[in-house]
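Have a look at the structure below before the remarks.
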Amino acid sequence: MQRPLLHIQDLNLKYQNKLVFDDLSWAIQKGEQWVLSGISGSGKTTLAKAFAGLVDYAGEIEINFDIESKLPAKVLFIESWYQFKNIEGVANFYYQQRYTAQQAKDTLTVNAELAHYGKENDLAFADVEPILIALRFASLKNSQLIELSSGEHKKLQLVKALWLKPQLLIIDQPYVGLDAKSREKLNILLDQACADGVQLILISNEDELPKSINHFAEIENGKLIEISAQEIALAKSNNELGEIPEFLKEAPVYSSDLIAKMVDVNISYGEKQVLKNINWEVKAGEKWLLQGPNGSGKSTLLSLINGDHPQSYANELYLFGNPRGSGESIWDIKQHIGLISPEFHWYFDSSSTVWQSVASGFYDSVGLFQQLPYTKSKQVDELIAYFGLTENKNDLLSSLSLGKQRLVLLARTIIKNPELLILDEPCQGLDQQQTAHFNQLVDELCTNGMTVIYVGHYESQLPSCLEKRIVLENGEVKKIEKIKKENHKVQAHLELID
Amino acid sequence: MSNYFNTLPLREKLNQLGVCEFMDSREFADGVNALKGKKLVIIGCGAQGLNQGLNLRDSGLDVSYTLRKEAIEGKRDSWKNATENNFKVGTYQELIPTADILINLTPDKQHTAVVKAVMPLMKKDATLSYSHGFNIVEEGMQIRKDITVIMVAPKCPGSEVRAEYVRGFGVPTLIAVHPENDPQGKGLAQAKAYAVGTGGHKAGVLLSSFVAEVKSDLMGEQTILCGLLQTGSILSFDKMIEKGIDAGYASKLVQYGVEVITEALKQGGITAMMDRLSNPAKIKAFEISEEMKDIMRPLFQKHQDDIMSGEFSKTMMEDWANDDKNLLRWRAETGETAFEKTPAGDVKISEQEYFDNYTLMVAFIRAGVELAFETMVQAGIKPESAYYESLHETPLIANTIARKKLFEMNRVISDTAEYGCYLFDQACKPLLADFMKKVATDLVGKNFNEGKDGGVDNRKLIDVNEAIRTHQVEKVGAVLRKAMTAMKAIKTA
Ligand SMILES: NC(=O)c1ccc[n+]([C@@H]2O[C@H](COP(=O)([O-])OP(=O)(O)OC[C@H]3O[C@@H](n4cnc5c(N)ncnc54)[C@H](OP(=O)(O)O)[C@@H]3O)[C@@H](O)[C@H]2O)c1
Ligand SMILES: [Mg+2]
């Protein structure tokens with residue numbers, strides 16, 4: 001009999017000194033393609049890292065590569081998150097940096113990055129072209145890494161993996177941040193890779209998967225249990241949310257009926273135009289869904305509202321009733337807004353504690369530089385308790401799992417009960433139940449009159465309060481319309497546009 | 001034009017050198033009001049120009065740029081930086097007559113020419129601002145009497161000025177008003193508002209004078225900050241090669257070692273840095289740094305004397321007039337050193353190993369920081385100013401060496417600093433030659449503790465700790481660091 005590709009025996013694994021797997025045994029036979037699911041914090045990522053030899057473990061992990069295969073005898077682990085570095089090897093970026101035009105180029109271009117990767121792994125450049133085209137990435141070849149959006153960074157990671165084609169490919173959260181079309185394309189590419197002999201372990205709770213997937217397992221309480229395809233999306237979280245804190249039930253006080261208004265707004269970097277003639281109005285109390293494929297300009301649009309874009313000064317833009325550039329500071333603007341986005345999470349100061357991170361939301365700073373008055377610090381405690389994070393309150397943000405970090409930053413986003421919530425893919429890294437809970441919370445805040453702009457690639461995972469939507473494509477407004485509630489056909493239609 | 005400092009009577013020299021007050025945050029309650037509605041025009045859009053301008057505009061102020069004609073016509077990088085971020089850009093003729101505050105952020109050596117060109121265009125009672133006092137103090141530039149002259153000097157590279165601002169913080173900043181040019185007494189209010197506009201007030205503002213800023217800035221950068229880091233790095237590398245340590249390892253230890261070691265310095269001063277060593281290593285580092293202090297003291301004093309007398313700026317400007325002959329030769333020589341030319345090896349060095357295997361650098365840094373600080377204070381510079389220009393900036397410069405070695409350091413720092421750095425390095429290496437003969441690999445390249453039993457004499461350890469902890473730079477530092485605890489750690493590969 002052929003030996004299994006992966007064989008583990010009596011594996012003991014710790015995550016931050018807590019035992020997450022105790023005497024685990026498992027095997028992956030040749031030709032098997034697996035999906036691992038499980039709630040946030042169940043240990044999926046740690047297990048995968050052990051397979052790739054990236055964390056310490058006790059017990060045995062045996063990998064039997066096929067010596068006759070043309071594919072590299074390698075286990076490649078693709079993190080759900082990754083930090084790129086600048087030319088000097090430093091990862092010391094800040095959130096607004098990608099919006100600022102700077103002649104002194106700090107990061108590599110996509111092309112240079114790929115050339116470097118190809119050389120390191122002995123790959124032929126011709127082989128990457130079709131992958132770039134399939135993932136609609138080819139037009140980004142001359143972009144700087146710092147300019148890419150979170151979805152585009154995800155694609156770059158996937159491009160590299162599909163180019164390398166290792167014998168065992170493990171991808172943590174392959175679909176996070178990808179638009180619907182790209183998810184479809186990715187599945188096709190993964191199927192092709194399987195046909196070429198790659199074996200997959202995908203860590204995901206999604207149910208749109210490559211056809212080649214033929215085994216499913218769920219991780220629960222340190223056990224790995226094989227399940228059926230139907231059970232995959234039912235992962236349960238034990239994290240029930242209670243009554244929302246009193247201070248979040250107060251209706252926001254609006255200084256103006258007009259939250260944001262854009263008149264023929266244009267944004268470009270050199271020759272490249274990223275927003276074209278945008279006209280859009282957001283009124284107090286409205287709930288918007290913002291959609292568009294990866295790279296269509298969604299984050300740039302939101303950065304204008306949050307006071308983060310240097311080019312907003314030369315555009316006709318009104319925020320909270322005032323023309324932009326009429327003597328207000330960016331702190332005056334941010335004071336009205338609670339914002340979260342994948343990029344914001346990337347660049348957040350991970351040397352803050354959980355408590356400090358949430359508290360910093362009162363001042364819109366990345367990290368806390370002020371003493372909180374008593375009532376405010378009480379509110380921080382209450383909200384942390386509401387999110388079930390009390391036992392982590394003094395931990396460093398960087399020591400938590402990505403899912404938990406995200407919850408902390410969501411708490412930070414709403415701590416000051418702002419007039420406007422900007423939620424740019426807020427639930428990345430959360431499991432289904434956490435997502436559902438958070439969306440319920442958004443619905444509840446909405447009934448109190450809060451204004452919301454929400455970006456989400458999954459139609460099935462949106463709060464129900466959303467009533468209008470704006471769709472961007474290639475930097476232009478493609479559509480502005482009301483969302484029809486009961487009509488499921490419309491929902492299906494939305495998905496296609498995205 | 002003659003050196004401004006040298007025209008002053010001794011009493012006034014001491015007076016201006018001694019201006020130094022750490023400002024209470026309540027002094028900034030007026031925010032940017034003193035500059036609200038005024039036209040701020042920045043000359044030059046380089047590292048400081050672009051980043052200060054972005055901050056000032058984001059603080060609600062009216063900012064535009066004026067560039068020399070060639071830069072606009074040639075669409076140079078400075079022009080692109082300004083226009084692509086949607087700033088208004090104009091020629092001197094177009095914009096300077098409209099400016100209420102004209103901010104000069106061109107390179108220091110160009111200042112005389114730039115200021116002579118712009119001054120006739122400035123409107124009556126306007127303000128001229130600098131981020132460094134070289135032109136006013138060393139070159140004695142005379143500014144029209146109706147014009148107010150201020151300085152706002154962030155103690156960080158331009159990129160940090162921006163990064164810290166957008167995260168809601170700022171970088172430590174020195175402000176000053178030139179006593180010869182404050183006809184309406186509005187200078188201080190404007191300088192404070194400017195510091196609020198760049199976010200400096202959140203990280204701590206030191207009220208200084210043009211004289212104190214220049215004399216301490218030059219001293220710091222020539223000796224501990226750039227000069228000694230260069231000398232120490234080259235001597236350490238050469239020693240390891242001489243003793244047969246692997247070149248790749250040696251290169252990596254030196255390139256990244258200064259950064260790792262000075263990170264401890266940044267967080268807890270000399271005390272924290274020395275505490276990272278084992279007890280025997282600490283005592284050894286203390287002893288050899290005392291020895292180095294004795295050897296280098298006359299050189300530090302010579303640099304301070306030449307800075308005070310104007311001899312330094314005179315020779316530097318002469319070299320510039322002579323097509324930078326010395327500067328360019330020294331730059332080329334630095335590029336040719338074995339350290340510079342040996343790439344860092346692909347070896348893993350743990351954080352602690354940088355201390356254990358590079359005790360010599362810890363000693364270099366203690367000696368350099370303390371000597372620079374002591375020499376400045378003896379010359380009449382106040383301890384707070386001396387702290388900023390020695391201990392505070394050392395980790396920032398060390399970071400540039402970690403990026404791309406000495407070449408990168410000398411590229412990032414100002415040309416004044418680069419010239420002074422080479423001057424020091426030329427003199428310091430021969431001075432330390434005999435000392436270096438005694439140095440073995442336990443101090444550089446190998447773990448100091450290897451093969452030693454780790455025991456120390458109680459009394460000796462207590463004395464050493466006492467000497468380190470009670471040094472004045474530690475006392476001043478403890479107070480000033482409190483105001484800056486929130487500064488982000490520099491993250492490196
Ligand atoms: N770098 C630092 O870390 C630092 C820290 C604190 C204070 N400072 C001070 O800030 C000031 C500016 O330094 P920097 O490092 O920002 O300089 P920089 O990056 O070299 O930028 C200089 C700018 O001035 C322009 N310029 C050069 N020569 C000129 C001339 N003759 N006439 C008009 N414009 C000219 C350049 O544009 P074009 O060549 O395109 O015209 C460029 O935009 C200096 O006084 C320096 O001491 C620097
Ligand atoms: Mg300096």
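Following the order of the structure tokens, first chain is A, next is B, and so on, with residues numbered from 1 inside each chain and ligands from 1 in the order they appear.
Residues of protein, DNA or RNA having any atom at most 10 Å from ligand 2, counting only C-alpha atoms and all ligand atoms, are B:Ser131, B:His132, B:Ala153, B:Pro154, B:Lys155, B:Cys156, B:Pro157, B:Glu213, B:Val214, B:Ser216, B:Asp217, B:Leu218, B:Met219, B:Gly220, B:Glu221, B:Gln222, B:Leu225, B:Tyr388, B:Glu389, B:Ser390, B:Glu393, B:Ile397, B:Ile413, B:Ser414, B:Thr416, B:Ala417.
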Restricting the output to C-alpha atoms, write the selected residues as a PDB file, in the first residue's frame.
```pdb
ATOM      1  CA  SER B 131      13.665  73.579  11.024  1.00  0.00           C
ATOM      2  CA  HIS B 132      17.335  74.030  11.863  1.00  0.00           C
ATOM      3  CA  ALA B 153      12.576  71.456  14.553  1.00  0.00           C
ATOM      4  CA  PRO B 154      11.132  67.949  14.737  1.00  0.00           C
ATOM      5  CA  LYS B 155      13.715  65.594  16.253  1.00  0.00           C
ATOM      6  CA  CYS B 156      12.951  62.848  13.735  1.00  0.00           C
ATOM      7  CA  PRO B 157      13.192  62.084  10.018  1.00  0.00           C
ATOM      8  CA  GLU B 213      19.666  74.053  18.920  1.00  0.00           C
ATOM      9  CA  VAL B 214      22.553  74.459  16.491  1.00  0.00           C
ATOM     10  CA  SER B 216      23.901  70.903  20.467  1.00  0.00           C
ATOM     11  CA  ASP B 217      22.627  69.439  17.194  1.00  0.00           C
ATOM     12  CA  LEU B 218      26.041  69.685  15.538  1.00  0.00           C
ATOM     13  CA  MET B 219      27.798  68.240  18.574  1.00  0.00           C
ATOM     14  CA  GLY B 220      25.442  65.284  18.860  1.00  0.00           C
ATOM     15  CA  GLU B 221      25.551  64.301  15.216  1.00  0.00           C
ATOM     16  CA  GLN B 222      29.324  64.601  14.881  1.00  0.00           C
ATOM     17  CA  LEU B 225      25.118  59.850  16.777  1.00  0.00           C
ATOM     18  CA  TYR B 388      17.742  65.079  22.940  1.00  0.00           C
ATOM     19  CA  GLU B 389      20.905  65.472  20.900  1.00  0.00           C
ATOM     20  CA  SER B 390      22.667  62.465  22.376  1.00  0.00           C
ATOM     21  CA  GLU B 393      18.513  60.348  18.738  1.00  0.00           C
ATOM     22  CA  ILE B 397      20.304  56.795  13.666  1.00  0.00           C
ATOM     23  CA  ILE B 413      21.335  62.525   7.682  1.00  0.00           C
ATOM     24  CA  SER B 414      21.923  66.118   6.593  1.00  0.00           C
ATOM     25  CA  THR B 416      26.274  68.946   7.659  1.00  0.00           C
ATOM     26  CA  ALA B 417      25.986  65.847   9.818  1.00  0.00           C
TER      27      ALA B 417
END
```
Problem - Residues of range 44-168 of chain B in strand (DSSP E), written as a PyMOL selection string - result: chain B and resi 62-66+88-90+101-104+127-130+148-154
Exercise for the section: Specify as an MDAnalysis selection string all residues of chain B found within 10 Å of chain A, counting only C-alpha atoms. Expected result: chainID B and resid 32 36:37 46:47 50:51 54:62 76:88 159:160 162:169 197 202:203 400 402:404 483:493
Exercise for the section: For Leu132 in chain A, please output as a PyMOL selection string all residues within 12 Å (counting only C-alpha atoms; exclusion window: fewer than 3 positions along the same chain). Expected result: chain A and resi 110-111+114+125-129+135-141+152+155-163+182+185-186+189
Problem - Spatial neighbours of range 429-439 of chain A, 6 Å, only C-alpha atoms, chain gap at least 2 places, as a PyMOL selection string - result: chain A and resi 39-40+237+403+427+441-442+463
Practice task
Using DSSP on the backbone coordinates, identify all residues within range 266-344 of chain A classified as helix (DSSP H, G or I); present the result as a count of residues only.
Solution key: 21
Problem - Of the listed residues B:Ile401, B:Cys421, B:Val479, B:Val171, that which approaches ligand 1 most closely, counting only C-alpha atoms and all ligand atoms - result: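 Among the listed residues, the smallest separation from ligand 1 belongs to B:Val171.
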Handout entry: Selection near range 276-283 of chain A, 8 Å with only C-alpha atoms, sequence-local residues under 6 positions removed, as a ChimeraX atom specification
Key = /A:257-267,451,475-477
Practice task
Please measure the separation of CA of Pro210 in chain A and CA of Pro293 in chain A, giving the value in Å to one decimal.
Solution key: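 These two atoms are separated by 20.5 Å.
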Exercise for the section: Name all residues at most 8 Å from range 11-17 of chain A (count only C-alpha atoms; drop same-chain ones fewer than 3 positions away) and give them as JSON, numbers by chain. Expected result: {"A": [8, 20, 21, 22, 23, 24, 25, 43, 46, 47, 56, 57, 58, 59, 60, 61]}
Save out the residues we just selected, N, CA, C and O atoms, as a PDB file, in the first residue's frame.
```pdb
ATOM      1  N   ILE A   8       0.033  11.772  11.101  1.00  0.00           N
ATOM      2  CA  ILE A   8       0.397  12.311  12.407  1.00  0.00           C
ATOM      3  C   ILE A   8      -0.031  11.352  13.513  1.00  0.00           C
ATOM      4  O   ILE A   8      -1.047  10.664  13.420  1.00  0.00           O
ATOM      5  N   VAL A  20      -3.900  22.879  22.813  1.00  0.00           N
ATOM      6  CA  VAL A  20      -5.084  22.863  21.950  1.00  0.00           C
ATOM      7  C   VAL A  20      -5.317  21.498  21.326  1.00  0.00           C
ATOM      8  O   VAL A  20      -6.444  21.151  21.001  1.00  0.00           O
ATOM      9  N   PHE A  21      -4.250  20.711  21.160  1.00  0.00           N
ATOM     10  CA  PHE A  21      -4.431  19.344  20.674  1.00  0.00           C
ATOM     11  C   PHE A  21      -3.693  18.390  21.603  1.00  0.00           C
ATOM     12  O   PHE A  21      -2.544  18.633  21.968  1.00  0.00           O
ATOM     13  N   ASP A  22      -4.362  17.339  21.943  1.00  0.00           N
ATOM     14  CA  ASP A  22      -3.832  16.395  22.899  1.00  0.00           C
ATOM     15  C   ASP A  22      -3.893  15.012  22.245  1.00  0.00           C
ATOM     16  O   ASP A  22      -4.977  14.512  21.950  1.00  0.00           O
ATOM     17  N   ASP A  23      -2.735  14.443  21.935  1.00  0.00           N
ATOM     18  CA  ASP A  23      -2.653  13.119  21.326  1.00  0.00           C
ATOM     19  C   ASP A  23      -3.523  12.973  20.080  1.00  0.00           C
ATOM     20  O   ASP A  23      -4.320  12.035  19.971  1.00  0.00           O
ATOM     21  N   LEU A  24      -3.381  13.884  19.167  1.00  0.00           N
ATOM     22  CA  LEU A  24      -4.155  13.815  17.934  1.00  0.00           C
ATOM     23  C   LEU A  24      -3.486  12.862  16.946  1.00  0.00           C
ATOM     24  O   LEU A  24      -2.266  12.884  16.787  1.00  0.00           O
ATOM     25  N   SER A  25      -4.285  12.043  16.295  1.00  0.00           N
ATOM     26  CA  SER A  25      -3.750  11.195  15.238  1.00  0.00           C
ATOM     27  C   SER A  25      -4.619  11.347  14.000  1.00  0.00           C
ATOM     28  O   SER A  25      -5.835  11.481  14.099  1.00  0.00           O
ATOM     29  N   GLY A  43      -8.034  26.374  16.874  1.00  0.00           N
ATOM     30  CA  GLY A  43      -6.696  25.798  16.718  1.00  0.00           C
ATOM     31  C   GLY A  43      -6.380  25.360  15.300  1.00  0.00           C
ATOM     32  O   GLY A  43      -5.358  24.737  15.054  1.00  0.00           O
ATOM     33  N   THR A  46      -3.022  26.864  14.049  1.00  0.00           N
ATOM     34  CA  THR A  46      -1.871  26.291  14.749  1.00  0.00           C
ATOM     35  C   THR A  46      -1.551  24.898  14.214  1.00  0.00           C
ATOM     36  O   THR A  46      -0.386  24.545  14.000  1.00  0.00           O
ATOM     37  N   LEU A  47      -2.597  24.119  13.985  1.00  0.00           N
ATOM     38  CA  LEU A  47      -2.396  22.778  13.453  1.00  0.00           C
ATOM     39  C   LEU A  47      -1.733  22.833  12.073  1.00  0.00           C
ATOM     40  O   LEU A  47      -0.757  22.130  11.795  1.00  0.00           O
ATOM     41  N   ASP A  56       6.451  24.729  17.202  1.00  0.00           N
ATOM     42  CA  ASP A  56       6.961  23.570  17.938  1.00  0.00           C
ATOM     43  C   ASP A  56       5.821  22.642  18.332  1.00  0.00           C
ATOM     44  O   ASP A  56       4.713  23.093  18.597  1.00  0.00           O
ATOM     45  N   TYR A  57       6.103  21.354  18.354  1.00  0.00           N
ATOM     46  CA  TYR A  57       5.073  20.411  18.773  1.00  0.00           C
ATOM     47  C   TYR A  57       5.752  19.181  19.375  1.00  0.00           C
ATOM     48  O   TYR A  57       6.947  18.970  19.200  1.00  0.00           O
ATOM     49  N   ALA A  58       4.943  18.398  20.056  1.00  0.00           N
ATOM     50  CA  ALA A  58       5.440  17.107  20.531  1.00  0.00           C
ATOM     51  C   ALA A  58       4.663  16.028  19.791  1.00  0.00           C
ATOM     52  O   ALA A  58       3.496  16.227  19.450  1.00  0.00           O
ATOM     53  N   GLY A  59       5.270  14.907  19.535  1.00  0.00           N
ATOM     54  CA  GLY A  59       4.608  13.840  18.790  1.00  0.00           C
ATOM     55  C   GLY A  59       5.229  13.720  17.417  1.00  0.00           C
ATOM     56  O   GLY A  59       6.320  14.230  17.165  1.00  0.00           O
ATOM     57  N   GLU A  60       4.476  13.088  16.515  1.00  0.00           N
ATOM     58  CA  GLU A  60       5.095  12.782  15.241  1.00  0.00           C
ATOM     59  C   GLU A  60       4.297  13.342  14.071  1.00  0.00           C
ATOM     60  O   GLU A  60       3.074  13.182  14.002  1.00  0.00           O
ATOM     61  N   ILE A  61       4.952  14.006  13.178  1.00  0.00           N
ATOM     62  CA  ILE A  61       4.323  14.414  11.918  1.00  0.00           C
ATOM     63  C   ILE A  61       5.222  13.902  10.802  1.00  0.00           C
ATOM     64  O   ILE A  61       6.376  14.277  10.707  1.00  0.00           O
TER      65      ILE A  61
END
```
Problem - Residue with smallest distance to ligand 1 - pool B:Asp24, B:Asp463, B:Glu418, B:Asp108, counting only C-alpha atoms and all ligand atoms - result: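 So, comparing all the options, the nearest one is B:Asp108.
Here CA of Gly380 in chain B stands at a distance of 11.8 Å from CA of Glu12 in chain B.
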Exercise for the section: May I ask for the distance between CA of Ser212 in chain A and CA of Ala229 in chain A, given in Å to one decimal place? Expected result: 12.2 Å
Handout entry: From B:Glu27, B:Asp238, B:Asp182, B:Asp425, residue lying nearest Lys437 in chain B [only C-alpha atoms]
Key = B:Asp238
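Neighbours of Leu67 in chain B closer than or equal to 10 Å, with only C-alpha atoms counted and sequence neighbours fewer than 4 positions away skipped, come out as B:Ile42, B:Ile43, B:Gly44, B:Cys45, B:Ala71, B:Ile72, B:Glu73, B:Arg76, B:Ser78, B:Trp79, B:Ala82, B:Val89, B:Gly90, B:Thr91, B:Tyr92, B:Leu95, B:Thr106.
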